[in-house]
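> Submitted below is the structure of interest, expressed as structure tokens.
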Amino acid sequence: MNYLVCVKQVPDDSVLVTLDADGSPDLQSIDLTVNAFDTYALEMITRVREKQGEGEITVLTVGGETAVSALRSCLSVGADKAARVWNAACEHTNAKAMSEILYQTISKQLEDGRKFDAILCGLESTDTMSGQVGARLAEKLGYALVTGAVSMEAFEDGFKVEQETENGSRVLKVERPCVITVSKPNYDPRYPTLKSKMAARKMPIEDWTLDSYQVTENAAARSFEVLPQKEGGQKIMEEDVACSVQKAIAIMVEDKVL
Amino acid sequence: MAYLFPEEDRDLYESVKEFCEKEVKEQCKEFDKTGEWPSKIYDMAMDMGLHMMEVPEAYGGLELNRTTNLALVELMAAADAGFATSFNASSLALNAILISGSEELKHRACKILEEKKFGAFALTESDAGSDAGAGKTVAVRDGDSYVLNGRKCFITNGGVAGFYVVTAMTKKGVGVSGMSAFFVEAGTPGLSTGAEENKLGIRTSNTCDVVLDNCRIPAENLIGKEGEGFKIAMKTLDHGRVLCACAAAGIIQRSIDESVAYAKERIAFGKPLIKNQALSFKIADMAIKAETSRQMAAHCAALMDRGMPYSKEAAMAKAFAADGAMFAASEAIQIFGGYGYIHEYPVEKLLRDAKIFQIYEGTCEICRMVVAGAVIGR
């Protein structure tokens, strides 16, 4: 089996972002890291591979020179190969353009005889949070799509995927090849070992950049605003709606709202 | 920061930092209370390879750059000094063998570490602490074996080690030149351990007696030659003191981090505490001690890399950093005021953890004797 995990390098989301003088996010001083959802995707497929006892995992990113460290980080926690794409077309992309770049890059790899049984993406990136890239990519490739996976296993000629829903989860069976977007599973990604970190430094990074990309124009961010921090609220989630309503009324009575 | 490790090791530093932040720092608070051995944390740390940092590549280890190693030890100690102590004590035992052991012993010790076990260095006895030459443990040659008898005390990793480096007298009446060092594997008949000590600090580390009762070991387990035990122990401690200095620097840095965070939040007389110059000077003094400790340790690493003697410098670094850790932890409590004295806040533990650094691996007084001896001469 061959798996592809699309990863994005993002600013560390545990740091508060401020706007600089021209009103755009000041990201200079914020460390770059692999998008958390992409690390969940890599961990999930690494576990599938370990259980199956075979399979090759390639990580792909669209990013500049700094993105190499994101790929090396992936190589130290399960990925076997890494590829990077970068040219002028890749700068200032939105979700639509990104899915086009990924689609054209992956199509070329498929033409060249590569095969991916599953392509995994994080559910969304922690910086722009559009959550569109995986779905758009599946649409373009004509692959089956499962979003919000929290666990998966190889099953017959495809995968059994547990998908997160509003109130819990459901299990879907999906045939190969497919695109799966991954949410937070009930485990954390593994830590790299010092040894795997050192080994990852020496691994080659392939260049999958095409000579040119056809990227259509789409909405682009024109201004940014930092919203005030949301005050901690109260979550009401009782057994059923009637109980939830009762609880809500009880709280309002206690706080003298009613 | 004084540790100018190779830039390519930055990723190791970041990984270990993240691991210590997420898996060690908060978790160890609970184990500090109970005194239990946090086996899950140690298992995870060993999965990561933190016990193989100093092991030479030829013996299956990582053989990290010395300065990188020091920086990582500081990170580990900043998260929990007991956690770092377990690995430092293991390193002591390993280094005794790397310094003077046979090829065979080096392979055996490193193999045991690779199996995710600790080493323990057993020099101290109830009546022989700083005066190690007063040890009463004896080793008697009997054909192809040595038979060891005696009782070692305050042995870090005593109850959890896979192998021990034990010093014992092979010749009486000649003082320290009658001392020899031996490699003893856990499980050897005649080797047992006493009850775990209930300590003031570094409570996530294991400390107990190691008892040798007609413990028979093969003669090839002798490290170096007969009579070299004291010399080996002193060389081993020279190395250990550098790691101690880094661990103590970790406590100083943690004292700074906790103090700054608190002093920025806490309002008194209408402004954050940190805005008081008297208090900011405390932070500056702590930072001076942290950075100086690092520079002293890094200098030792540079001397080691050049194969130059570093006994005096290691003793200086250890004494300075240990005293610095006590100073910084105490000042951190002062900055926290009454809250600093309460278990629920993070700084009283730092003071309890810091104290041992003035005692183990050569008290600060012994370190000063080493320094004075080197400076004054005969």
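Residues are named by chain letter and number: chains run A, B, ... in the order of the structure tokens, numbers start at 1 in each chain, and ligands are numbered from 1 in the order shown.
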Write down, as a list in words, each residue of chain B that has any atom within 7 Å of an atom of chain A, counting only C-alpha atoms.

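Here they are: Leu12, Asp47, Met48, Gly49 and Leu62 of chain B.
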
> Restricting it to C-alpha atoms, dump the selection as a PDB file, in the first residue's frame.


ATOM      1  CA  LEU B  12      16.816  17.511  19.205  1.00  0.00           C
ATOM      2  CA  ASP B  47      11.622   5.242  24.104  1.00  0.00           C
ATOM      3  CA  MET B  48      12.846   8.638  23.026  1.00  0.00           C
ATOM      4  CA  GLY B  49      16.440   7.611  23.680  1.00  0.00           C
ATOM      5  CA  LEU B  62      23.794   8.283  20.015  1.00  0.00           C
TER       6      LEU B  62
END

> With DSSP run on the backbone, what are the alpha helix (DSSP H) residues within region 91-247 of chain A? I'd like them as a PDB file with N, CA, C and O atoms, in the first residue's frame.


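selection_14.pdb, freshly written:
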ATOM      1  N   ALA A  95      -7.414  28.291  -0.301  1.00  0.00           N
ATOM      2  CA  ALA A  95      -7.738  26.864  -0.302  1.00  0.00           C
ATOM      3  C   ALA A  95      -7.965  26.322  -1.714  1.00  0.00           C
ATOM      4  O   ALA A  95      -7.555  25.207  -2.041  1.00  0.00           O
ATOM      5  N   LYS A  96      -8.610  27.122  -2.528  1.00  0.00           N
ATOM      6  CA  LYS A  96      -8.929  26.660  -3.889  1.00  0.00           C
ATOM      7  C   LYS A  96      -7.640  26.468  -4.686  1.00  0.00           C
ATOM      8  O   LYS A  96      -7.424  25.424  -5.306  1.00  0.00           O
ATOM      9  N   ALA A  97      -6.796  27.492  -4.658  1.00  0.00           N
ATOM     10  CA  ALA A  97      -5.538  27.414  -5.401  1.00  0.00           C
ATOM     11  C   ALA A  97      -4.664  26.271  -4.872  1.00  0.00           C
ATOM     12  O   ALA A  97      -4.029  25.547  -5.640  1.00  0.00           O
ATOM     13  N   MET A  98      -4.663  26.132  -3.556  1.00  0.00           N
ATOM     14  CA  MET A  98      -3.843  25.067  -2.961  1.00  0.00           C
ATOM     15  C   MET A  98      -4.302  23.695  -3.439  1.00  0.00           C
ATOM     16  O   MET A  98      -3.482  22.832  -3.777  1.00  0.00           O
ATOM     17  N   SER A  99      -5.616  23.502  -3.499  1.00  0.00           N
ATOM     18  CA  SER A  99      -6.107  22.193  -3.942  1.00  0.00           C
ATOM     19  C   SER A  99      -5.761  21.971  -5.418  1.00  0.00           C
ATOM     20  O   SER A  99      -5.499  20.851  -5.845  1.00  0.00           O
ATOM     21  N   GLU A 100      -5.724  23.049  -6.189  1.00  0.00           N
ATOM     22  CA  GLU A 100      -5.345  22.928  -7.604  1.00  0.00           C
ATOM     23  C   GLU A 100      -3.872  22.543  -7.735  1.00  0.00           C
ATOM     24  O   GLU A 100      -3.506  21.678  -8.537  1.00  0.00           O
ATOM     25  N   ILE A 101      -3.041  23.183  -6.930  1.00  0.00           N
ATOM     26  CA  ILE A 101      -1.606  22.861  -6.975  1.00  0.00           C
ATOM     27  C   ILE A 101      -1.378  21.413  -6.564  1.00  0.00           C
ATOM     28  O   ILE A 101      -0.642  20.667  -7.219  1.00  0.00           O
ATOM     29  N   LEU A 102      -2.055  21.013  -5.495  1.00  0.00           N
ATOM     30  CA  LEU A 102      -1.896  19.627  -5.030  1.00  0.00           C
ATOM     31  C   LEU A 102      -2.408  18.648  -6.095  1.00  0.00           C
ATOM     32  O   LEU A 102      -1.764  17.643  -6.389  1.00  0.00           O
ATOM     33  N   TYR A 103      -3.566  18.972  -6.672  1.00  0.00           N
ATOM     34  CA  TYR A 103      -4.162  18.083  -7.673  1.00  0.00           C
ATOM     35  C   TYR A 103      -3.220  17.912  -8.870  1.00  0.00           C
ATOM     36  O   TYR A 103      -2.950  16.804  -9.319  1.00  0.00           O
ATOM     37  N   GLN A 104      -2.699  19.023  -9.357  1.00  0.00           N
ATOM     38  CA  GLN A 104      -1.820  18.939 -10.537  1.00  0.00           C
ATOM     39  C   GLN A 104      -0.517  18.204 -10.202  1.00  0.00           C
ATOM     40  O   GLN A 104      -0.002  17.439 -11.002  1.00  0.00           O
ATOM     41  N   THR A 105      -0.011  18.433  -8.997  1.00  0.00           N
ATOM     42  CA  THR A 105       1.219  17.756  -8.577  1.00  0.00           C
ATOM     43  C   THR A 105       0.993  16.257  -8.455  1.00  0.00           C
ATOM     44  O   THR A 105       1.779  15.447  -8.960  1.00  0.00           O
ATOM     45  N   ILE A 106      -0.093  15.889  -7.790  1.00  0.00           N
ATOM     46  CA  ILE A 106      -0.383  14.467  -7.563  1.00  0.00           C
ATOM     47  C   ILE A 106      -0.712  13.778  -8.886  1.00  0.00           C
ATOM     48  O   ILE A 106      -0.279  12.655  -9.136  1.00  0.00           O
ATOM     49  N   SER A 107      -1.455  14.480  -9.767  1.00  0.00           N
ATOM     50  CA  SER A 107      -1.795  13.893 -11.075  1.00  0.00           C
ATOM     51  C   SER A 107      -0.537  13.516 -11.842  1.00  0.00           C
ATOM     52  O   SER A 107      -0.461  12.460 -12.468  1.00  0.00           O
ATOM     53  N   LYS A 108       0.450  14.392 -11.781  1.00  0.00           N
ATOM     54  CA  LYS A 108       1.716  14.130 -12.484  1.00  0.00           C
ATOM     55  C   LYS A 108       2.380  12.873 -11.913  1.00  0.00           C
ATOM     56  O   LYS A 108       2.898  12.044 -12.664  1.00  0.00           O
ATOM     57  N   GLN A 109       2.335  12.744 -10.599  1.00  0.00           N
ATOM     58  CA  GLN A 109       2.928  11.563  -9.951  1.00  0.00           C
ATOM     59  C   GLN A 109       2.173  10.302 -10.384  1.00  0.00           C
ATOM     60  O   GLN A 109       2.782   9.261 -10.617  1.00  0.00           O
ATOM     61  N   LEU A 110       0.848  10.406 -10.502  1.00  0.00           N
ATOM     62  CA  LEU A 110       0.041   9.251 -10.916  1.00  0.00           C
ATOM     63  C   LEU A 110       0.378   8.886 -12.360  1.00  0.00           C
ATOM     64  O   LEU A 110       0.521   7.713 -12.695  1.00  0.00           O
ATOM     65  N   GLU A 111       0.531   9.933 -13.194  1.00  0.00           N
ATOM     66  CA  GLU A 111       0.916   9.708 -14.602  1.00  0.00           C
ATOM     67  C   GLU A 111       2.249   8.983 -14.683  1.00  0.00           C
ATOM     68  O   GLU A 111       2.455   8.124 -15.525  1.00  0.00           O
ATOM     69  N   VAL A 133      -9.352  22.054   1.623  1.00  0.00           N
ATOM     70  CA  VAL A 133      -8.353  21.516   0.695  1.00  0.00           C
ATOM     71  C   VAL A 133      -8.555  20.019   0.420  1.00  0.00           C
ATOM     72  O   VAL A 133      -8.569  19.589  -0.732  1.00  0.00           O
ATOM     73  N   GLY A 134      -8.752  19.238   1.488  1.00  0.00           N
ATOM     74  CA  GLY A 134      -8.934  17.793   1.315  1.00  0.00           C
ATOM     75  C   GLY A 134     -10.125  17.478   0.441  1.00  0.00           C
ATOM     76  O   GLY A 134     -10.050  16.656  -0.493  1.00  0.00           O
ATOM     77  N   ALA A 135     -11.248  18.151   0.708  1.00  0.00           N
ATOM     78  CA  ALA A 135     -12.488  17.891  -0.039  1.00  0.00           C
ATOM     79  C   ALA A 135     -12.339  18.297  -1.501  1.00  0.00           C
ATOM     80  O   ALA A 135     -12.741  17.576  -2.420  1.00  0.00           O
ATOM     81  N   ARG A 136     -11.736  19.464  -1.731  1.00  0.00           N
ATOM     82  CA  ARG A 136     -11.535  19.937  -3.109  1.00  0.00           C
ATOM     83  C   ARG A 136     -10.618  18.976  -3.877  1.00  0.00           C
ATOM     84  O   ARG A 136     -10.841  18.683  -5.044  1.00  0.00           O
ATOM     85  N   LEU A 137      -9.599  18.496  -3.192  1.00  0.00           N
ATOM     86  CA  LEU A 137      -8.648  17.581  -3.825  1.00  0.00           C
ATOM     87  C   LEU A 137      -9.349  16.280  -4.233  1.00  0.00           C
ATOM     88  O   LEU A 137      -9.165  15.780  -5.355  1.00  0.00           O
ATOM     89  N   ALA A 138     -10.188  15.747  -3.334  1.00  0.00           N
ATOM     90  CA  ALA A 138     -10.918  14.510  -3.625  1.00  0.00           C
ATOM     91  C   ALA A 138     -11.814  14.707  -4.840  1.00  0.00           C
ATOM     92  O   ALA A 138     -11.892  13.860  -5.738  1.00  0.00           O
ATOM     93  N   GLU A 139     -12.488  15.850  -4.892  1.00  0.00           N
ATOM     94  CA  GLU A 139     -13.396  16.169  -5.995  1.00  0.00           C
ATOM     95  C   GLU A 139     -12.634  16.176  -7.325  1.00  0.00           C
ATOM     96  O   GLU A 139     -13.048  15.581  -8.308  1.00  0.00           O
ATOM     97  N   LYS A 140     -11.494  16.839  -7.334  1.00  0.00           N
ATOM     98  CA  LYS A 140     -10.712  16.950  -8.563  1.00  0.00           C
ATOM     99  C   LYS A 140     -10.168  15.592  -9.013  1.00  0.00           C
ATOM    100  O   LYS A 140     -10.129  15.277 -10.185  1.00  0.00           O
ATOM    101  N   LEU A 141      -9.746  14.789  -8.038  1.00  0.00           N
ATOM    102  CA  LEU A 141      -9.176  13.481  -8.369  1.00  0.00           C
ATOM    103  C   LEU A 141     -10.265  12.467  -8.707  1.00  0.00           C
ATOM    104  O   LEU A 141      -9.996  11.414  -9.282  1.00  0.00           O
ATOM    105  N   LEU A 194      15.384  10.466  19.555  1.00  0.00           N
ATOM    106  CA  LEU A 194      16.564  11.250  19.171  1.00  0.00           C
ATOM    107  C   LEU A 194      17.205  10.611  17.941  1.00  0.00           C
ATOM    108  O   LEU A 194      17.688  11.292  17.044  1.00  0.00           O
ATOM    109  N   LYS A 195      17.152   9.278  17.909  1.00  0.00           N
ATOM    110  CA  LYS A 195      17.759   8.544  16.796  1.00  0.00           C
ATOM    111  C   LYS A 195      17.016   8.825  15.488  1.00  0.00           C
ATOM    112  O   LYS A 195      17.640   9.066  14.451  1.00  0.00           O
ATOM    113  N   SER A 196      15.682   8.802  15.532  1.00  0.00           N
ATOM    114  CA  SER A 196      14.911   9.025  14.300  1.00  0.00           C
ATOM    115  C   SER A 196      15.070  10.474  13.832  1.00  0.00           C
ATOM    116  O   SER A 196      15.071  10.749  12.633  1.00  0.00           O
ATOM    117  N   LYS A 197      15.226  11.389  14.783  1.00  0.00           N
ATOM    118  CA  LYS A 197      15.466  12.787  14.418  1.00  0.00           C
ATOM    119  C   LYS A 197      16.777  12.914  13.653  1.00  0.00           C
ATOM    120  O   LYS A 197      16.860  13.605  12.639  1.00  0.00           O
ATOM    121  N   MET A 198      17.799  12.246  14.192  1.00  0.00           N
ATOM    122  CA  MET A 198      19.118  12.353  13.561  1.00  0.00           C
ATOM    123  C   MET A 198      19.122  11.669  12.193  1.00  0.00           C
ATOM    124  O   MET A 198      19.754  12.138  11.254  1.00  0.00           O
ATOM    125  N   ALA A 199      18.365  10.555  12.090  1.00  0.00           N
ATOM    126  CA  ALA A 199      18.301   9.833  10.813  1.00  0.00           C
ATOM    127  C   ALA A 199      17.561  10.666   9.767  1.00  0.00           C
ATOM    128  O   ALA A 199      17.926  10.685   8.591  1.00  0.00           O
ATOM    129  N   ALA A 200      16.511  11.384  10.212  1.00  0.00           N
ATOM    130  CA  ALA A 200      15.687  12.161   9.277  1.00  0.00           C
ATOM    131  C   ALA A 200      16.477  13.277   8.597  1.00  0.00           C
ATOM    132  O   ALA A 200      16.159  13.686   7.484  1.00  0.00           O
ATOM    133  N   ARG A 201      17.537  13.740   9.279  1.00  0.00           N
ATOM    134  CA  ARG A 201      18.351  14.820   8.692  1.00  0.00           C
ATOM    135  C   ARG A 201      19.000  14.402   7.378  1.00  0.00           C
ATOM    136  O   ARG A 201      19.257  15.219   6.523  1.00  0.00           O
ATOM    137  N   VAL A 241     -32.622  16.659  25.084  1.00  0.00           N
ATOM    138  CA  VAL A 241     -32.921  18.087  24.954  1.00  0.00           C
ATOM    139  C   VAL A 241     -33.680  18.602  26.170  1.00  0.00           C
ATOM    140  O   VAL A 241     -33.377  19.670  26.714  1.00  0.00           O
ATOM    141  N   ALA A 242     -34.683  17.823  26.621  1.00  0.00           N
ATOM    142  CA  ALA A 242     -35.513  18.261  27.748  1.00  0.00           C
ATOM    143  C   ALA A 242     -34.653  18.535  28.980  1.00  0.00           C
ATOM    144  O   ALA A 242     -34.805  19.558  29.653  1.00  0.00           O
ATOM    145  N   CYS A 243     -33.716  17.628  29.265  1.00  0.00           N
ATOM    146  CA  CYS A 243     -32.829  17.795  30.425  1.00  0.00           C
ATOM    147  C   CYS A 243     -31.932  19.017  30.236  1.00  0.00           C
ATOM    148  O   CYS A 243     -31.678  19.764  31.186  1.00  0.00           O
ATOM    149  N   SER A 244     -31.450  19.216  29.007  1.00  0.00           N
ATOM    150  CA  SER A 244     -30.580  20.362  28.728  1.00  0.00           C
ATOM    151  C   SER A 244     -31.324  21.660  28.990  1.00  0.00           C
ATOM    152  O   SER A 244     -30.777  22.605  29.568  1.00  0.00           O
ATOM    153  N   VAL A 245     -32.596  21.714  28.539  1.00  0.00           N
ATOM    154  CA  VAL A 245     -33.411  22.926  28.739  1.00  0.00           C
ATOM    155  C   VAL A 245     -33.593  23.172  30.233  1.00  0.00           C
ATOM    156  O   VAL A 245     -33.425  24.294  30.716  1.00  0.00           O
ATOM    157  N   GLN A 246     -33.917  22.106  30.966  1.00  0.00           N
ATOM    158  CA  GLN A 246     -34.099  22.226  32.417  1.00  0.00           C
ATOM    159  C   GLN A 246     -32.859  22.803  33.075  1.00  0.00           C
ATOM    160  O   GLN A 246     -32.922  23.710  33.901  1.00  0.00           O
ATOM    161  N   LYS A 247     -31.685  22.251  32.668  1.00  0.00           N
ATOM    162  CA  LYS A 247     -30.416  22.697  33.248  1.00  0.00           C
ATOM    163  C   LYS A 247     -30.183  24.177  32.939  1.00  0.00           C
ATOM    164  O   LYS A 247     -29.796  24.950  33.806  1.00  0.00           O
TER     165      LYS A 247
END

> Neighbouring residues of Ile288 (chain B) were defined as those with any atom within 10 Å, considering only C-alpha atoms; residues of the same chain fewer than 5 positions away were excluded. Please report them as JSON, numbers by chain.

{"B": [252, 282, 283, 293, 294, 324]}

> Which residues come within 7 Å of Arg203 (chain B), counting only C-alpha atoms, excluding same-chain residues fewer than 4 positions away, as a tab-separated table (two decimals) with all heavy atoms, in the first residue's frame?


chain	number	residue	atom	x	y	z
B	32	ASP	N	6.28	13.73	43.00
B	32	ASP	CA	7.04	14.41	44.05
B	32	ASP	C	6.29	14.28	45.38
B	32	ASP	O	6.89	14.10	46.44
B	32	ASP	CB	7.24	15.88	43.67
B	32	ASP	CG	7.83	16.70	44.82
B	32	ASP	OD1	8.97	16.40	45.22
B	32	ASP	OD2	7.15	17.62	45.31
B	35	GLY	N	6.24	10.23	46.11
B	35	GLY	CA	7.54	9.57	46.17
B	35	GLY	C	7.59	8.30	45.34
B	35	GLY	O	8.57	7.57	45.37
B	82	GLY	N	14.73	15.41	39.72
B	82	GLY	CA	14.84	13.99	40.04
B	82	GLY	C	14.91	13.16	38.76
B	82	GLY	O	15.68	12.19	38.66
B	199	LYS	N	13.09	10.94	50.64
B	199	LYS	CA	13.98	12.10	50.54
B	199	LYS	C	13.27	13.44	50.60
B	199	LYS	O	12.07	13.55	50.32
B	199	LYS	CB	14.77	12.03	49.22
B	199	LYS	CG	15.55	10.73	49.01
B	199	LYS	CD	16.44	10.79	47.79
B	199	LYS	CE	15.69	10.83	46.47
B	199	LYS	NZ	15.04	9.56	46.12

> What separation in Å, quoted to one decimal, exists between CA of Asn95 (chain B) and CA of Ala315 (chain B)?

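So the answer is 16.9 Å.
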
> My list of candidates is B:Thr137, B:Ser15, B:Thr292, B:Asn65. Which is closest to Met53 (chain B) when distances are computed with only C-alpha atoms?

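Counting only C-alpha atoms, the residue closest to Met53 (chain B) is B:Asn65.
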
> Can you list, as number ranges by chain, all residues belonging to region 28-243 of chain A that DSSP tags as strand (DSSP E)?

A: 32-34, 56-62, 81-85, 118-122, 144-155, 158-165, 168-175, 178-182, 205-207

> For Val171 (chain A), work out the shell of residues within 10 Å, counting only C-alpha atoms and skipping chain neighbours fewer than 2 positions away, then give it as a PDB file with all heavy atoms, in the first residue's frame.


ATOM      1  N   ALA A 149     -12.045  12.037  10.057  1.00  0.00           N
ATOM      2  CA  ALA A 149     -11.767  10.691  10.576  1.00  0.00           C
ATOM      3  C   ALA A 149     -11.097  10.779  11.943  1.00  0.00           C
ATOM      4  O   ALA A 149     -10.231  11.618  12.170  1.00  0.00           O
ATOM      5  CB  ALA A 149     -10.854   9.948   9.607  1.00  0.00           C
ATOM      6  N   VAL A 150     -11.524   9.909  12.880  1.00  0.00           N
ATOM      7  CA  VAL A 150     -10.853   9.850  14.180  1.00  0.00           C
ATOM      8  C   VAL A 150     -10.161   8.504  14.393  1.00  0.00           C
ATOM      9  O   VAL A 150      -9.389   8.341  15.338  1.00  0.00           O
ATOM     10  CB  VAL A 150     -11.811  10.159  15.354  1.00  0.00           C
ATOM     11  CG1 VAL A 150     -12.146  11.645  15.389  1.00  0.00           C
ATOM     12  CG2 VAL A 150     -13.070   9.318  15.284  1.00  0.00           C
ATOM     13  N   SER A 151     -10.469   7.532  13.519  1.00  0.00           N
ATOM     14  CA  SER A 151      -9.671   6.299  13.502  1.00  0.00           C
ATOM     15  C   SER A 151      -9.898   5.612  12.169  1.00  0.00           C
ATOM     16  O   SER A 151     -10.896   5.878  11.494  1.00  0.00           O
ATOM     17  CB  SER A 151     -10.040   5.365  14.667  1.00  0.00           C
ATOM     18  OG  SER A 151     -11.246   4.697  14.393  1.00  0.00           O
ATOM     19  N   MET A 152      -8.969   4.776  11.763  1.00  0.00           N
ATOM     20  CA  MET A 152      -9.159   4.040  10.517  1.00  0.00           C
ATOM     21  C   MET A 152      -8.359   2.749  10.540  1.00  0.00           C
ATOM     22  O   MET A 152      -7.390   2.614  11.272  1.00  0.00           O
ATOM     23  CB  MET A 152      -8.746   4.897   9.312  1.00  0.00           C
ATOM     24  CG  MET A 152      -7.259   5.165   9.178  1.00  0.00           C
ATOM     25  SD  MET A 152      -6.869   6.212   7.740  1.00  0.00           S
ATOM     26  CE  MET A 152      -6.893   5.018   6.399  1.00  0.00           C
ATOM     27  N   LYS A 160     -11.871   1.025   6.727  1.00  0.00           N
ATOM     28  CA  LYS A 160     -12.994   1.277   7.611  1.00  0.00           C
ATOM     29  C   LYS A 160     -12.611   2.528   8.391  1.00  0.00           C
ATOM     30  O   LYS A 160     -11.573   2.555   9.049  1.00  0.00           O
ATOM     31  CB  LYS A 160     -13.134   0.087   8.556  1.00  0.00           C
ATOM     32  CG  LYS A 160     -14.591  -0.321   8.796  1.00  0.00           C
ATOM     33  CD  LYS A 160     -14.712  -1.255   9.873  1.00  0.00           C
ATOM     34  CE  LYS A 160     -14.833  -2.599   9.985  1.00  0.00           C
ATOM     35  NZ  LYS A 160     -15.031  -3.487  10.911  1.00  0.00           N
ATOM     36  N   VAL A 161     -13.433   3.553   8.260  1.00  0.00           N
ATOM     37  CA  VAL A 161     -13.055   4.838   8.853  1.00  0.00           C
ATOM     38  C   VAL A 161     -14.118   5.295   9.854  1.00  0.00           C
ATOM     39  O   VAL A 161     -15.312   5.309   9.542  1.00  0.00           O
ATOM     40  CB  VAL A 161     -12.913   5.927   7.755  1.00  0.00           C
ATOM     41  CG1 VAL A 161     -12.445   7.245   8.373  1.00  0.00           C
ATOM     42  CG2 VAL A 161     -11.941   5.475   6.678  1.00  0.00           C
ATOM     43  N   GLU A 162     -13.698   5.623  11.042  1.00  0.00           N
ATOM     44  CA  GLU A 162     -14.620   6.175  12.026  1.00  0.00           C
ATOM     45  C   GLU A 162     -14.643   7.692  11.852  1.00  0.00           C
ATOM     46  O   GLU A 162     -13.606   8.349  11.935  1.00  0.00           O
ATOM     47  CB  GLU A 162     -14.164   5.814  13.448  1.00  0.00           C
ATOM     48  CG  GLU A 162     -15.170   6.217  14.504  1.00  0.00           C
ATOM     49  CD  GLU A 162     -14.673   5.972  15.920  1.00  0.00           C
ATOM     50  OE1 GLU A 162     -13.561   5.421  16.076  1.00  0.00           O
ATOM     51  OE2 GLU A 162     -15.391   6.351  16.855  1.00  0.00           O
ATOM     52  N   GLN A 163     -15.838   8.191  11.558  1.00  0.00           N
ATOM     53  CA  GLN A 163     -15.964   9.621  11.279  1.00  0.00           C
ATOM     54  C   GLN A 163     -16.646  10.321  12.450  1.00  0.00           C
ATOM     55  O   GLN A 163     -17.664   9.863  12.961  1.00  0.00           O
ATOM     56  CB  GLN A 163     -16.806   9.814  10.014  1.00  0.00           C
ATOM     57  CG  GLN A 163     -16.978  11.251   9.607  1.00  0.00           C
ATOM     58  CD  GLN A 163     -17.984  11.385   8.465  1.00  0.00           C
ATOM     59  OE1 GLN A 163     -19.067  10.819   8.522  1.00  0.00           O
ATOM     60  NE2 GLN A 163     -17.599  12.120   7.427  1.00  0.00           N
ATOM     61  N   GLU A 164     -16.064  11.429  12.829  1.00  0.00           N
ATOM     62  CA  GLU A 164     -16.618  12.215  13.927  1.00  0.00           C
ATOM     63  C   GLU A 164     -17.906  12.900  13.448  1.00  0.00           C
ATOM     64  O   GLU A 164     -17.944  13.478  12.369  1.00  0.00           O
ATOM     65  CB  GLU A 164     -15.585  13.276  14.297  1.00  0.00           C
ATOM     66  CG  GLU A 164     -15.789  13.926  15.615  1.00  0.00           C
ATOM     67  CD  GLU A 164     -14.621  14.857  15.921  1.00  0.00           C
ATOM     68  OE1 GLU A 164     -14.167  15.572  15.002  1.00  0.00           O
ATOM     69  OE2 GLU A 164     -14.158  14.858  17.069  1.00  0.00           O
ATOM     70  N   SER A 169     -19.921   9.414  16.671  1.00  0.00           N
ATOM     71  CA  SER A 169     -19.199   9.022  15.460  1.00  0.00           C
ATOM     72  C   SER A 169     -19.960   7.932  14.726  1.00  0.00           C
ATOM     73  O   SER A 169     -20.869   7.311  15.277  1.00  0.00           O
ATOM     74  CB  SER A 169     -17.814   8.511  15.839  1.00  0.00           C
ATOM     75  OG  SER A 169     -17.915   7.297  16.549  1.00  0.00           O
ATOM     76  N   LYS A 173     -17.284   2.638   5.350  1.00  0.00           N
ATOM     77  CA  LYS A 173     -16.329   1.842   4.589  1.00  0.00           C
ATOM     78  C   LYS A 173     -16.065   2.591   3.295  1.00  0.00           C
ATOM     79  O   LYS A 173     -17.003   3.044   2.637  1.00  0.00           O
ATOM     80  CB  LYS A 173     -16.919   0.461   4.279  1.00  0.00           C
ATOM     81  CG  LYS A 173     -17.030  -0.419   5.501  1.00  0.00           C
ATOM     82  CD  LYS A 173     -17.763  -1.687   5.152  1.00  0.00           C
ATOM     83  CE  LYS A 173     -18.294  -2.346   6.405  1.00  0.00           C
ATOM     84  NZ  LYS A 173     -19.286  -3.378   6.090  1.00  0.00           N
ATOM     85  N   VAL A 174     -14.828   2.698   2.953  1.00  0.00           N
ATOM     86  CA  VAL A 174     -14.492   3.448   1.746  1.00  0.00           C
ATOM     87  C   VAL A 174     -13.499   2.637   0.914  1.00  0.00           C
ATOM     88  O   VAL A 174     -12.634   1.962   1.455  1.00  0.00           O
ATOM     89  CB  VAL A 174     -13.937   4.855   2.117  1.00  0.00           C
ATOM     90  CG1 VAL A 174     -12.700   4.765   2.983  1.00  0.00           C
ATOM     91  CG2 VAL A 174     -13.637   5.678   0.874  1.00  0.00           C
TER      92      VAL A 174
END
